[in-house]
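Chemist: Sending over my_file_7.txt (compact mmCIF, C-alpha atoms and all ligand atoms).
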# COMPACT_ATOMS: atom_id res chain seq x y z
CA MET A 1 -15.55 -31.86 0.78
CA SER A 2 -17.34 -28.62 0.02
CA ILE A 3 -19.82 -29.26 2.84
CA ALA A 4 -16.93 -29.48 5.29
CA LEU A 5 -15.40 -26.29 3.85
CA THR A 6 -18.76 -24.51 4.06
CA ALA A 7 -19.04 -25.47 7.72
CA ARG A 8 -15.47 -24.30 8.34
CA ALA A 9 -16.18 -20.96 6.62
CA GLY A 10 -19.27 -20.47 8.80
CA GLY A 11 -17.34 -21.30 11.95
CA LEU A 12 -14.52 -18.89 11.07
CA ASP A 13 -17.00 -16.13 10.26
CA ARG A 14 -18.63 -16.56 13.67
CA LEU A 15 -15.21 -16.54 15.33
CA HIS A 16 -14.21 -13.30 13.58
CA ALA A 17 -17.62 -11.59 13.75
CA ALA A 18 -16.20 -8.60 15.67
CA THR A 19 -14.01 -7.50 12.72
CA ASP A 20 -16.64 -7.99 10.01
CA LEU A 21 -17.13 -4.42 8.77
CA ARG A 22 -18.78 -5.19 5.46
CA GLY A 23 -21.78 -3.15 6.57
CA ARG A 24 -19.55 -0.07 6.50
CA PHE A 25 -18.83 -0.47 2.78
CA ARG A 26 -20.90 -0.09 -0.36
CA LEU A 27 -20.18 -3.09 -2.52
CA PRO A 28 -22.30 -4.39 -5.38
CA ALA A 29 -24.37 -7.42 -4.42
CA GLY A 30 -23.06 -10.79 -5.55
CA VAL A 31 -19.47 -9.65 -6.07
CA VAL A 32 -16.52 -11.15 -4.22
CA TYR A 33 -14.09 -8.25 -4.44
CA LEU A 34 -10.49 -9.45 -4.29
CA ASP A 35 -8.91 -6.33 -5.75
CA GLY A 36 -8.78 -4.09 -2.70
CA ASN A 37 -4.99 -4.21 -3.09
CA SER A 38 -5.41 -2.30 -6.35
CA LEU A 39 -8.43 -0.08 -5.64
CA GLY A 40 -10.12 -0.35 -2.25
CA ALA A 41 -13.91 -0.51 -2.00
CA LEU A 42 -16.07 2.54 -1.27
CA PRO A 43 -16.71 3.03 2.45
CA ALA A 44 -20.20 4.17 3.43
CA GLY A 45 -20.26 7.88 4.19
CA VAL A 46 -17.50 8.91 1.79
CA ALA A 47 -19.88 9.97 -0.98
CA GLU A 48 -21.78 12.18 1.49
CA VAL A 49 -18.56 13.81 2.74
CA VAL A 50 -17.40 14.47 -0.82
CA ALA A 51 -20.82 15.93 -1.68
CA ASP A 52 -20.52 18.23 1.35
CA VAL A 53 -17.01 19.28 0.34
CA VAL A 54 -18.18 20.07 -3.18
CA HIS A 55 -21.54 21.71 -2.47
CA ARG A 56 -21.03 23.45 0.86
CA GLN A 57 -17.29 23.87 1.45
CA TRP A 58 -16.42 24.68 -2.14
CA GLY A 59 -19.75 25.77 -3.64
CA ASN A 60 -21.00 27.97 -0.81
CA ARG A 61 -18.04 28.87 1.33
CA LEU A 62 -15.57 29.19 -1.55
CA ILE A 63 -12.10 30.38 -0.54
CA ALA A 64 -13.11 30.68 3.14
CA SER A 65 -12.92 26.90 3.43
CA TRP A 66 -9.12 26.99 3.34
CA ASN A 67 -9.31 28.32 6.90
CA GLU A 68 -12.80 27.32 8.08
CA ALA A 69 -12.88 23.72 6.88
CA GLY A 70 -9.29 22.83 7.79
CA TRP A 71 -8.15 22.49 4.18
CA TRP A 72 -4.69 23.90 4.76
CA ASP A 73 -3.82 21.43 7.53
CA ALA A 74 -5.42 18.41 5.85
CA PRO A 75 -2.09 16.85 4.71
CA THR A 76 -0.69 16.55 8.23
CA ARG A 77 -4.07 15.78 9.83
CA VAL A 78 -4.72 12.92 7.39
CA GLY A 79 -1.08 11.93 7.68
CA ASP A 80 -1.47 11.38 11.42
CA ARG A 81 -4.50 9.16 10.83
CA ILE A 82 -2.46 7.04 8.42
CA GLY A 83 0.44 7.11 10.87
CA ARG A 84 -1.57 5.25 13.50
CA LEU A 85 -2.07 2.41 11.01
CA VAL A 86 1.63 2.05 10.18
CA GLY A 87 3.00 2.42 13.69
CA ALA A 88 4.07 6.06 13.47
CA ALA A 89 3.52 8.52 16.31
CA PRO A 90 1.88 11.82 15.29
CA GLY A 91 3.91 14.40 13.39
CA GLN A 92 5.83 11.98 11.16
CA VAL A 93 3.47 11.26 8.25
CA VAL A 94 2.19 13.70 5.67
CA CYS A 95 -0.47 12.88 3.10
CA THR A 96 0.82 14.29 -0.16
CA ASP A 97 1.53 13.68 -3.83
CA SER A 98 1.83 10.13 -5.23
CA THR A 99 3.93 7.23 -4.00
CA SER A 100 6.23 7.75 -6.99
CA VAL A 101 6.83 11.42 -6.16
CA ASN A 102 7.34 10.70 -2.46
CA LEU A 103 9.87 7.99 -3.27
CA TYR A 104 11.83 10.47 -5.40
CA LYS A 105 11.91 12.91 -2.48
CA ALA A 106 13.00 10.14 -0.09
CA VAL A 107 15.87 8.83 -2.23
CA VAL A 108 17.32 12.26 -2.98
CA ALA A 109 16.89 13.39 0.64
CA ALA A 110 18.62 10.19 1.82
CA ALA A 111 21.59 10.96 -0.45
CA ARG A 112 21.83 14.41 1.09
CA MET A 113 21.63 12.92 4.59
CA ARG A 114 24.54 10.56 3.86
CA PRO A 115 27.03 12.64 1.84
CA GLY A 116 30.06 10.81 0.48
CA ARG A 117 28.25 7.46 0.28
CA ARG A 118 27.14 6.08 -3.07
CA VAL A 119 24.96 2.95 -3.01
CA VAL A 120 21.19 2.54 -3.02
CA LEU A 121 19.85 -0.99 -2.79
CA THR A 122 16.50 -1.99 -4.22
CA ASP A 123 14.64 -5.15 -5.21
CA PRO A 124 14.79 -6.17 -8.90
CA ASP A 125 11.19 -7.40 -8.46
CA SER A 126 9.94 -4.06 -7.13
CA PHE A 127 6.82 -2.49 -8.57
CA PRO A 128 8.19 -0.80 -11.73
CA THR A 129 7.65 2.77 -10.56
CA ASP A 130 9.99 2.06 -7.63
CA LEU A 131 12.68 0.92 -10.05
CA TYR A 132 12.21 3.85 -12.42
CA VAL A 133 12.07 6.46 -9.67
CA THR A 134 15.00 5.00 -7.75
CA ASP A 135 17.09 5.03 -10.94
CA ALA A 136 16.07 8.59 -11.77
CA ALA A 137 16.65 9.87 -8.25
CA ALA A 138 20.00 8.08 -8.04
CA ARG A 139 21.07 9.64 -11.33
CA ASP A 140 20.08 13.10 -10.12
CA ALA A 141 21.81 12.61 -6.76
CA GLY A 142 24.97 10.95 -8.12
CA LEU A 143 24.30 7.51 -6.59
CA VAL A 144 24.54 3.99 -7.98
CA VAL A 145 21.65 1.55 -7.72
CA GLU A 146 22.21 -2.12 -6.93
CA GLN A 147 19.34 -4.54 -7.33
CA VAL A 148 19.31 -7.22 -4.66
CA SER A 149 16.37 -9.32 -3.45
CA PRO A 150 15.16 -8.35 0.03
CA ALA A 151 15.98 -11.91 1.13
CA ALA A 152 19.66 -11.26 0.37
CA ALA A 153 19.70 -7.58 1.36
CA ALA A 154 21.05 -7.90 4.92
CA ALA A 155 24.11 -9.87 3.78
CA ARG A 156 24.78 -7.53 0.86
CA ILE A 157 24.45 -4.48 3.09
CA ALA A 158 27.12 -5.86 5.41
CA ASP A 159 29.47 -6.20 2.39
CA ILE A 160 28.72 -2.70 1.12
CA GLY A 161 29.40 -1.29 4.56
CA ASP A 162 29.88 2.45 4.86
CA ASP A 163 29.15 3.10 1.18
CA LEU A 164 25.45 2.35 1.75
CA VAL A 165 23.14 5.35 1.52
CA LEU A 166 19.77 3.66 1.49
CA ALA A 167 18.04 0.29 1.32
CA SER A 168 14.74 0.98 -0.43
CA TYR A 169 12.30 -1.93 -0.39
CA SER A 170 8.61 -2.77 -0.46
CA SER A 171 7.41 -4.35 2.73
CA VAL A 172 5.14 -6.70 0.71
CA ASP A 173 5.94 -7.92 -2.81
CA TYR A 174 3.18 -6.66 -5.12
CA ARG A 175 3.20 -9.83 -7.21
CA THR A 176 3.64 -12.68 -4.76
CA GLY A 177 2.36 -11.07 -1.56
CA GLU A 178 5.53 -12.05 0.31
CA LEU A 179 6.05 -10.02 3.49
CA TRP A 180 9.69 -9.12 3.92
CA ASP A 181 11.62 -8.82 7.15
CA LEU A 182 11.52 -5.09 7.78
CA ALA A 183 13.33 -5.38 11.12
CA ALA A 184 16.24 -7.39 9.66
CA VAL A 185 16.85 -5.12 6.67
CA THR A 186 16.45 -1.99 8.80
CA GLY A 187 18.85 -3.34 11.42
CA ALA A 188 21.43 -4.29 8.77
CA ALA A 189 21.28 -0.83 7.15
CA HIS A 190 21.65 0.90 10.50
CA ALA A 191 24.59 -1.32 11.46
CA VAL A 192 26.59 0.27 8.60
CA GLY A 193 25.22 3.77 9.17
CA GLY A 194 22.79 3.65 6.23
CA LEU A 195 19.09 4.45 5.98
CA VAL A 196 15.97 2.53 4.94
CA CYS A 197 12.90 3.54 2.98
CA TRP A 198 9.90 1.19 2.97
CA ASP A 199 7.16 1.22 0.34
CA LEU A 200 4.03 0.35 2.30
CA CYS A 201 1.56 0.29 -0.62
CA HIS A 202 0.64 -3.34 0.11
CA SER A 203 0.82 -3.18 3.91
CA ALA A 204 -0.82 0.05 5.04
CA GLY A 205 -4.26 -0.79 6.38
CA VAL A 206 -3.75 -4.54 6.71
CA LEU A 207 -0.73 -4.98 8.95
CA ASP A 208 1.19 -2.79 11.36
CA VAL A 209 4.70 -2.62 9.99
CA GLY A 210 5.75 -0.84 13.20
CA LEU A 211 7.74 2.02 11.65
CA ASP A 212 8.65 3.64 14.98
CA ALA A 213 9.11 0.34 16.81
CA HIS A 214 11.69 -0.78 14.23
CA ASP A 215 13.40 2.62 13.97
CA ALA A 216 12.55 2.95 10.28
CA ASP A 217 13.90 6.12 8.69
CA LEU A 218 11.64 6.83 5.70
CA ALA A 219 8.53 5.28 4.19
CA VAL A 220 6.06 5.94 1.40
CA GLY A 221 2.71 4.42 0.44
CA CYS A 222 -0.52 5.02 -1.39
CA GLY A 223 -4.03 5.88 -0.24
CA TYR A 224 -6.12 4.02 -2.81
CA LYS A 225 -5.49 0.37 -1.94
CA TYR A 226 -6.31 -0.99 1.52
CA LEU A 227 -6.87 2.53 2.87
CA ASN A 228 -9.86 2.81 0.50
CA GLY A 229 -9.23 6.47 -0.41
CA GLY A 230 -10.62 6.09 -3.93
CA PRO A 231 -9.10 6.20 -7.42
CA GLY A 232 -5.98 8.35 -7.49
CA ALA A 233 -6.19 9.13 -3.76
CA PRO A 234 -3.12 11.03 -2.53
CA ALA A 235 -0.21 9.09 -1.07
CA PHE A 236 1.83 9.49 2.11
CA LEU A 237 5.41 10.08 3.22
CA TYR A 238 6.92 9.13 6.60
CA VAL A 239 10.05 10.79 7.91
CA ALA A 240 11.11 9.68 11.40
CA ALA A 241 11.12 12.63 13.80
CA ARG A 242 14.87 12.29 14.42
CA HIS A 243 15.59 12.91 10.71
CA GLN A 244 13.18 15.72 9.99
CA ASP A 245 15.62 18.60 10.51
CA ASP A 246 17.98 16.94 8.00
CA PHE A 247 15.30 15.97 5.50
CA ASP A 248 16.35 18.18 2.60
CA GLN A 249 13.95 17.04 -0.07
CA PRO A 250 14.46 18.13 -3.67
CA LEU A 251 10.96 19.36 -4.55
CA ALA A 252 11.00 22.71 -2.81
CA GLY A 253 7.43 23.91 -3.20
CA TRP A 254 5.59 26.65 -1.40
CA ASN A 255 3.36 24.28 0.63
CA GLY A 256 6.52 22.95 2.30
CA HIS A 257 7.82 26.43 3.11
CA ALA A 258 8.21 27.60 6.72
CA THR A 259 6.07 30.70 6.05
CA PRO A 260 4.14 30.07 2.83
CA PHE A 261 2.03 33.21 3.03
CA ALA A 262 5.03 35.45 3.55
CA MET A 263 5.54 34.84 -0.19
CA ALA A 264 9.29 35.07 0.39
CA PRO A 265 11.52 34.77 -2.67
CA ALA A 266 13.81 32.14 -1.09
CA TYR A 267 12.87 28.65 0.06
CA VAL A 268 13.09 27.91 3.77
CA PRO A 269 11.75 24.48 4.66
CA ALA A 270 9.03 24.23 7.29
CA PRO A 271 9.94 22.50 10.52
CA GLY A 272 8.77 18.93 10.97
CA ILE A 273 7.02 16.69 8.48
CA THR A 274 5.37 19.67 6.74
CA ARG A 275 8.56 20.06 4.68
CA GLY A 276 7.47 16.90 2.86
CA ARG A 277 4.70 18.90 1.19
CA VAL A 278 5.21 20.44 -2.25
CA GLY A 279 2.30 22.20 -3.98
CA THR A 280 -1.43 22.68 -3.40
CA PRO A 281 -2.94 19.33 -2.38
CA PRO A 282 -5.80 17.65 -4.31
CA LEU A 283 -8.38 18.33 -1.61
CA LEU A 284 -11.32 16.42 -3.06
CA GLY A 285 -9.25 13.25 -3.02
CA MET A 286 -7.60 13.97 0.30
CA LEU A 287 -10.86 14.65 2.10
CA ALA A 288 -12.37 11.51 0.55
CA LEU A 289 -9.40 9.56 1.94
CA GLU A 290 -9.88 11.17 5.34
CA ALA A 291 -13.53 10.11 5.35
CA ALA A 292 -12.58 6.60 4.24
CA LEU A 293 -10.10 6.25 7.12
CA ALA A 294 -13.00 6.58 9.56
CA VAL A 295 -13.70 2.85 9.06
CA TYR A 296 -10.53 2.24 11.08
CA ASP A 297 -11.74 4.30 14.05
CA GLY A 298 -11.79 2.11 17.15
CA LEU A 299 -10.03 -0.73 15.34
CA GLU A 300 -6.59 -2.00 16.27
CA VAL A 301 -4.44 -2.99 13.30
CA THR A 302 -3.51 -6.20 15.14
CA ALA A 303 -7.19 -7.27 14.94
CA VAL A 304 -7.25 -6.43 11.22
CA ARG A 305 -4.09 -8.49 10.72
CA GLU A 306 -5.62 -11.43 12.59
CA ARG A 307 -8.65 -11.38 10.31
CA SER A 308 -6.46 -10.98 7.23
CA LEU A 309 -4.33 -14.01 8.13
CA SER A 310 -7.43 -16.06 8.83
CA LEU A 311 -8.89 -15.18 5.40
CA THR A 312 -5.70 -15.84 3.43
CA GLY A 313 -4.94 -18.95 5.50
CA PHE A 314 -8.43 -20.32 4.82
CA PHE A 315 -8.08 -19.53 1.10
CA LEU A 316 -4.82 -21.50 1.02
CA GLN A 317 -6.60 -24.41 2.75
CA CYS A 318 -9.44 -24.24 0.20
CA LEU A 319 -6.94 -24.26 -2.67
CA GLY A 320 -5.12 -27.20 -1.09
CA GLU A 321 -8.37 -29.18 -1.07
CA LEU A 322 -10.03 -27.97 -4.27
CA LEU A 323 -7.03 -27.30 -6.53
CA PRO A 324 -4.06 -29.19 -5.11
CA GLU A 325 -2.13 -28.96 -8.42
CA LEU A 326 -2.25 -25.16 -8.61
CA ALA A 327 1.11 -23.36 -8.18
CA VAL A 328 0.80 -20.94 -5.26
CA ALA A 329 3.25 -18.01 -5.43
CA THR A 330 2.54 -16.70 -1.91
CA PRO A 331 4.36 -18.06 1.14
CA ARG A 332 2.22 -20.42 3.25
CA ASP A 333 3.99 -19.28 6.40
CA ALA A 334 1.77 -16.60 7.98
CA GLU A 335 4.80 -14.62 9.14
CA ARG A 336 5.86 -14.20 5.53
CA ARG A 337 2.46 -13.38 4.03
CA GLY A 338 0.89 -9.99 3.35
CA SER A 339 -2.85 -9.85 2.68
CA GLN A 340 -2.99 -11.44 -0.75
CA VAL A 341 -2.68 -14.86 -2.32
CA SER A 342 -1.26 -15.15 -5.81
CA VAL A 343 -1.28 -18.23 -7.97
CA ARG A 344 0.60 -18.92 -11.18
CA HIS A 345 -1.11 -20.10 -14.34
CA PRO A 346 0.13 -20.00 -17.95
CA ASP A 347 -3.19 -18.37 -18.96
CA ALA A 348 -3.36 -16.12 -15.92
CA TYR A 349 -4.87 -13.14 -17.78
CA ALA A 350 -7.78 -15.23 -19.12
CA VAL A 351 -8.24 -16.95 -15.74
CA VAL A 352 -8.72 -13.52 -14.13
CA GLN A 353 -11.22 -12.42 -16.80
CA ALA A 354 -13.16 -15.67 -16.43
CA LEU A 355 -13.25 -15.19 -12.66
CA ILE A 356 -14.52 -11.65 -13.08
CA ALA A 357 -17.31 -12.98 -15.33
CA ARG A 358 -18.31 -15.19 -12.39
CA GLY A 359 -18.34 -12.24 -9.98
CA VAL A 360 -14.91 -12.79 -8.39
CA VAL A 361 -12.80 -9.71 -9.07
CA GLY A 362 -9.02 -10.08 -8.91
CA ASP A 363 -6.28 -8.88 -11.24
CA PHE A 364 -3.49 -10.11 -13.47
CA ARG A 365 0.18 -9.28 -13.14
CA GLU A 366 2.88 -10.18 -15.63
CA PRO A 367 3.98 -12.74 -16.45
CA ASP A 368 1.66 -15.44 -15.06
CA ILE A 369 0.15 -14.18 -11.81
CA VAL A 370 -3.51 -14.37 -10.79
CA ARG A 371 -3.44 -11.87 -7.94
CA LEU A 372 -6.14 -12.01 -5.30
CA GLY A 373 -6.13 -9.40 -2.55
CA PHE A 374 -7.99 -10.00 0.70
CA ALA A 375 -9.07 -6.68 2.17
CA PRO A 376 -10.03 -7.98 5.59
CA LEU A 377 -12.66 -5.45 6.58
CA TYR A 378 -15.20 -6.31 3.91
CA LEU A 379 -14.50 -9.95 3.08
CA SER A 380 -15.82 -13.01 4.86
CA HIS A 381 -14.61 -16.60 4.96
CA GLY A 382 -17.76 -17.41 2.98
CA ASP A 383 -16.52 -15.06 0.23
CA VAL A 384 -13.14 -16.76 0.35
CA LEU A 385 -14.71 -20.19 -0.19
CA ARG A 386 -16.85 -18.87 -3.06
CA ALA A 387 -13.74 -17.45 -4.72
CA ALA A 388 -11.89 -20.77 -4.40
CA GLN A 389 -14.88 -22.68 -5.79
CA HIS A 390 -15.13 -20.35 -8.79
CA LEU A 391 -11.40 -20.66 -9.42
CA GLN A 392 -11.86 -24.43 -9.36
CA GLY A 393 -14.71 -23.99 -11.87
CA VAL A 394 -12.70 -21.71 -14.19
CA ILE A 395 -9.79 -24.13 -14.26
CA GLY A 396 -11.83 -27.36 -14.26
CA ASP A 397 -14.16 -26.13 -17.04
CA ARG A 398 -11.23 -24.55 -18.91
CA ASP A 399 -13.11 -21.22 -19.12
CA PHE A 400 -9.76 -19.53 -19.70
CA GLU A 401 -9.65 -20.99 -23.22
CA ARG A 402 -12.66 -18.94 -24.28
CA GLU A 403 -11.75 -16.22 -26.76
CA GLU A 404 -13.76 -13.54 -24.92
CA PHE A 405 -11.41 -13.80 -21.92
CA ARG A 406 -8.18 -13.51 -23.89
CA THR A 407 -8.34 -9.97 -25.28
CA ARG A 408 -6.18 -7.66 -23.18
CA ALA A 409 -7.66 -4.41 -21.85
CA THR A 410 -5.40 -1.41 -21.10
CA VAL A 411 -5.59 -1.89 -17.35
CA THR A 412 -5.05 -5.50 -16.34
C1 LIG A 501 4.52 -1.25 -4.37
C2 LIG A 501 3.92 -0.15 -5.17
N1 LIG A 501 4.53 1.06 -5.22
C3 LIG A 501 3.99 2.08 -5.93
C4 LIG A 501 2.81 1.92 -6.63
C5 LIG A 501 2.20 3.01 -7.45
O1 LIG A 501 2.70 4.25 -7.24
P1 LIG A 501 1.82 5.56 -7.59
O2 LIG A 501 0.81 5.67 -6.48
O3 LIG A 501 2.79 6.64 -7.64
O4 LIG A 501 1.12 5.30 -8.88
C6 LIG A 501 2.15 0.69 -6.60
C7 LIG A 501 0.87 0.53 -7.34
O5 LIG A 501 0.26 -0.48 -7.44
C8 LIG A 501 2.72 -0.36 -5.86
O6 LIG A 501 2.12 -1.56 -5.82
Could you rewrite the structure in this file as structure tokens?

Modeler:
Amino acid sequence: MSIALTARAGGLDRLHAATDLRGRFRLPAGVVYLDGNSLGALPAGVAEVVADVVHRQWGNRLIASWNEAGWWDAPTRVGDRIGRLVGAAPGQVVCTDSTSVNLYKAVVAAARMRPGRRVVLTDPDSFPTDLYVTDAAARDAGLVVEQVSPAAAAARIADIGDDLVLASYSSVDYRTGELWDLAAVTGAAHAVGGLVCWDLCHSAGVLDVGLDAHDADLAVGCGYKYLNGGPGAPAFLYVAARHQDDFDQPLAGWNGHATPFAMAPAYVPAPGITRGRVGTPPLLGMLALEAALAVYDGLEVTAVRERSLSLTGFFLQCLGELLPELAVATPRDAERRGSQVSVRHPDAYAVVQALIARGVVGDFREPDIVRLGFAPLYLSHGDVLRAAQHLQGVIGDRDFEREEFRTRATVT
């Protein structure tokens, strides 16, 4: 059976040779890295750019680099590069702050764009920060939050009608990897005059959600997962061009001011997406992210998505043959799958630690999820097969019962 799978992996790798960009990443030898949906791998060239920023731009040129090295405009310049990957024309994405902070801006701004309405919808299974921030923003803006699964959102939106302010959802579920129907939820919200905000943390860089094509209103996402920007990389905020004049975000900081160096006592928001900025950006991280995005130069996101679906589809086939009893949490239907495959196991934490000990790095999510992310640019079908074989080994040999794999670390 494994011989047939090995041959299939080889055939698929030959078929997808054009999108194999592993050579553009620095990964430790012998590791199958399935955690690019938590922290993307290090692209070649980033360390050199960061060294140049530190030694030359900062060390030698000092304050002059704000003008000379394009530091001031980095948030919108990097934003446009991210925009291409999420289907946004230039001038609608700014690289700034964290996903959490950008979501707060988006929810409060949405409330101000739809005065008199009260309801924000969100998914009870959202990544926790989305729940916390949505609740906090709703409290501050006088809204009520309703938690409804994205699968039921369109119907609920029709019932809520003209009391809907915002439907705020992740495009891909962080636990199960399910890809939700962005077009359907967006269309339903617009039909009642409401807005949508999409959290693209688990889509940006692996699939084109088509923000402009679907008339999305607002979106947020992070830079450190599939965009490979590095630990704590800054995040991004999308505001559709048609809403920018009305985007009255609550964190009025001087970087979002129309004339920041006029040092005026009163806040006047900058035109365009620049008003999404707040304070001085973390330039080391932002310029590292910009350098990391170069791996996408010349690549169409549709080709990345094709490779991603081939990898996750092949992994599902391998599981079907090697571990038919395993409970798969991710939809098998390609249309409903992001770029990860999650499986359920009662000892999921220990399974993940045992896999890591074998060189297959994934992560654990409460309560019982072994989460395996397939960053398409640096993974091969051969890697996918190795991961499935090691998972079969961990479960077949009951490695997860070993004490050393059961002690929880802070970060899981
Ligand atoms: C869907 C989603 N939203 C938000 C975040 C994190 O937000 P922040 O970048 O503010 O830490 C994550 C992190 O994994 C996530 O998966």

Chemist: Select, from A:Ala154, A:Leu251, A:Val101, A:Leu323, the residue with the minimum atom-to-atom distance to ligand LIG 501 (chain A), counting all atoms listed in the file.

Modeler: A:Val101

Chemist: Where's the centre, and what are the edge lengths in Å to one decimal, of a box along x, y and z enclosing all listed atoms of segment 53-63 of chain A padded 3 Å per side, as lines of an AutoDock Vina configuration file?

Modeler:
center_x = -16.8
center_y = 24.8
center_z = -1.1
size_x = 15.4
size_y = 17.1
size_z = 11.1

Chemist: Give one line per residue of chain A that approaches ligand LIG 501 (chain A) to at most 6 Å, naming the two atoms of the closest pair and their distance in Å to one decimal, counting all atoms listed in the file; sort by chain then ascending residue number and deliver it as a Markdown table.

Modeler:
| residue | atom | partner | partner_atom | distance |
| --- | --- | --- | --- | --- |
| A:Ser98 | CA | A:LIG501 | O3 | 4.3 |
| A:Thr99 | CA | A:LIG501 | O3 | 3.9 |
| A:Ser100 | CA | A:LIG501 | O3 | 3.7 |
| A:Phe127 | CA | A:LIG501 | C1 | 4.9 |
| A:Thr129 | CA | A:LIG501 | C3 | 5.9 |
| A:Ser170 | CA | A:LIG501 | C1 | 5.9 |
| A:Tyr174 | CA | A:LIG501 | O6 | 5.3 |
| A:Asp199 | CA | A:LIG501 | C1 | 5.9 |
| A:Cys201 | CA | A:LIG501 | C1 | 5.0 |
| A:Cys222 | CA | A:LIG501 | O2 | 5.3 |

Chemist: Using only C-alpha atoms, collect all residues at a distance of at most 9 Å from (-4.8, -11.5, 2.3) as written in the file, then present them as a list in words.

Modeler: Leu34, Gly177, Val206, Arg305, Arg307, Ser308, Leu309, Ser310, Leu311, Thr312, Gly313, Phe315, Arg337, Gly338, Ser339, Gln340, Val341, Leu372, Gly373, Phe374, Ala375 and Pro376 of chain A

Chemist: Compile the contact shell of Leu299 of chain A as a ChimeraX atom specification: residues with an atom at most 12 Å away, counting all atoms listed in the file, same-chain residues fewer than 6 positions apart removed.

Modeler: /A:18-21,84-85,205-206,293,305-307,377

Chemist: Which residue is closest to Ala189 of chain A? Choose from A:Pro115, A:Gly30, A:Pro269, A:Gly161 and count all atoms listed in the file.

Modeler: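 Closest to Ala189 of chain A of all the choices is A:Gly161.
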
Chemist: State, in Å with one decimal place, the distance from atom CA of Ser203 of chain A to atom CA of Val148 of chain A.

Modeler: 20.8 Å

Chemist: Just how far from atom CA of Thr96 of chain A is atom CA of Phe236 of chain A, in Å to one decimal?

Modeler: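 Between atom CA of Phe236 of chain A and atom CA of Thr96 of chain A the gap works out to 5.4 Å.
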
Chemist: Please provide the set of residues having any atom within 6 Å of segment 102-112 of chain A, restricted to all atoms listed in the file, with same-chain residues fewer than 4 positions apart removed, written as a list in words.

Modeler: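 Counting all atoms listed in the file, the residues come to Val133, Ala137, Ala141, Phe247, Asp248, Gln249 and Pro250 of chain A.
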
Chemist: For the atom pair atom CA of Asp383 of chain A and atom CA of Val50 of chain A, what is the interatomic distance in Å to one decimal place?

Modeler: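 Going from atom CA of Asp383 of chain A over to atom CA of Val50 of chain A, I get 29.6 Å.
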
Chemist: If we count all atoms listed in the file, what is near segment 162-167 of chain A at a cut-off of 9 Å, once residues fewer than 6 positions away on the same chain are taken out, given as a VMD selection string?

Modeler: chain A and resid 107 110 to 111 113 to 122 143 153 185 to 186 189 192 to 198

Chemist: For the selection you just gave me, I'd like the residues written to a file as an mmCIF file, in the coordinates of the input, keeping C-alpha atoms.

Modeler:
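See result_24.cif below for the written result:
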data_model
loop_
_atom_site.group_PDB
_atom_site.id
_atom_site.type_symbol
_atom_site.label_atom_id
_atom_site.label_comp_id
_atom_site.auth_asym_id
_atom_site.auth_seq_id
_atom_site.Cartn_x
_atom_site.Cartn_y
_atom_site.Cartn_z
ATOM 1 C CA VAL A 107 15.870 8.830 -2.230
ATOM 2 C CA ALA A 110 18.620 10.190 1.820
ATOM 3 C CA ALA A 111 21.590 10.960 -0.450
ATOM 4 C CA MET A 113 21.630 12.920 4.590
ATOM 5 C CA ARG A 114 24.540 10.560 3.860
ATOM 6 C CA PRO A 115 27.030 12.640 1.840
ATOM 7 C CA GLY A 116 30.060 10.810 0.480
ATOM 8 C CA ARG A 117 28.250 7.460 0.280
ATOM 9 C CA ARG A 118 27.140 6.080 -3.070
ATOM 10 C CA VAL A 119 24.960 2.950 -3.010
ATOM 11 C CA VAL A 120 21.190 2.540 -3.020
ATOM 12 C CA LEU A 121 19.850 -0.990 -2.790
ATOM 13 C CA THR A 122 16.500 -1.990 -4.220
ATOM 14 C CA LEU A 143 24.300 7.510 -6.590
ATOM 15 C CA ALA A 153 19.700 -7.580 1.360
ATOM 16 C CA VAL A 185 16.850 -5.120 6.670
ATOM 17 C CA THR A 186 16.450 -1.990 8.800
ATOM 18 C CA ALA A 189 21.280 -0.830 7.150
ATOM 19 C CA VAL A 192 26.590 0.270 8.600
ATOM 20 C CA GLY A 193 25.220 3.770 9.170
ATOM 21 C CA GLY A 194 22.790 3.650 6.230
ATOM 22 C CA LEU A 195 19.090 4.450 5.980
ATOM 23 C CA VAL A 196 15.970 2.530 4.940
ATOM 24 C CA CYS A 197 12.900 3.540 2.980
ATOM 25 C CA TRP A 198 9.900 1.190 2.970
#

Chemist: If we count only C-alpha atoms, what is near Leu283 of chain A at a cut-off of 12 Å, once residues fewer than 5 positions away on the same chain are taken out, given as a list in words?

Modeler: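 Result of the neighbour search: Val49, Val50, Val53, Val54, Gln57, Trp58, Ser65, Trp66, Ala69, Gly70, Trp71, Trp72, Asp73, Ala74, Pro75, Val78, Cys95, Thr96, Asp97, Gly229, Gly232, Ala233, Pro234, Ala288, Leu289, Glu290 and Ala291 of chain A.
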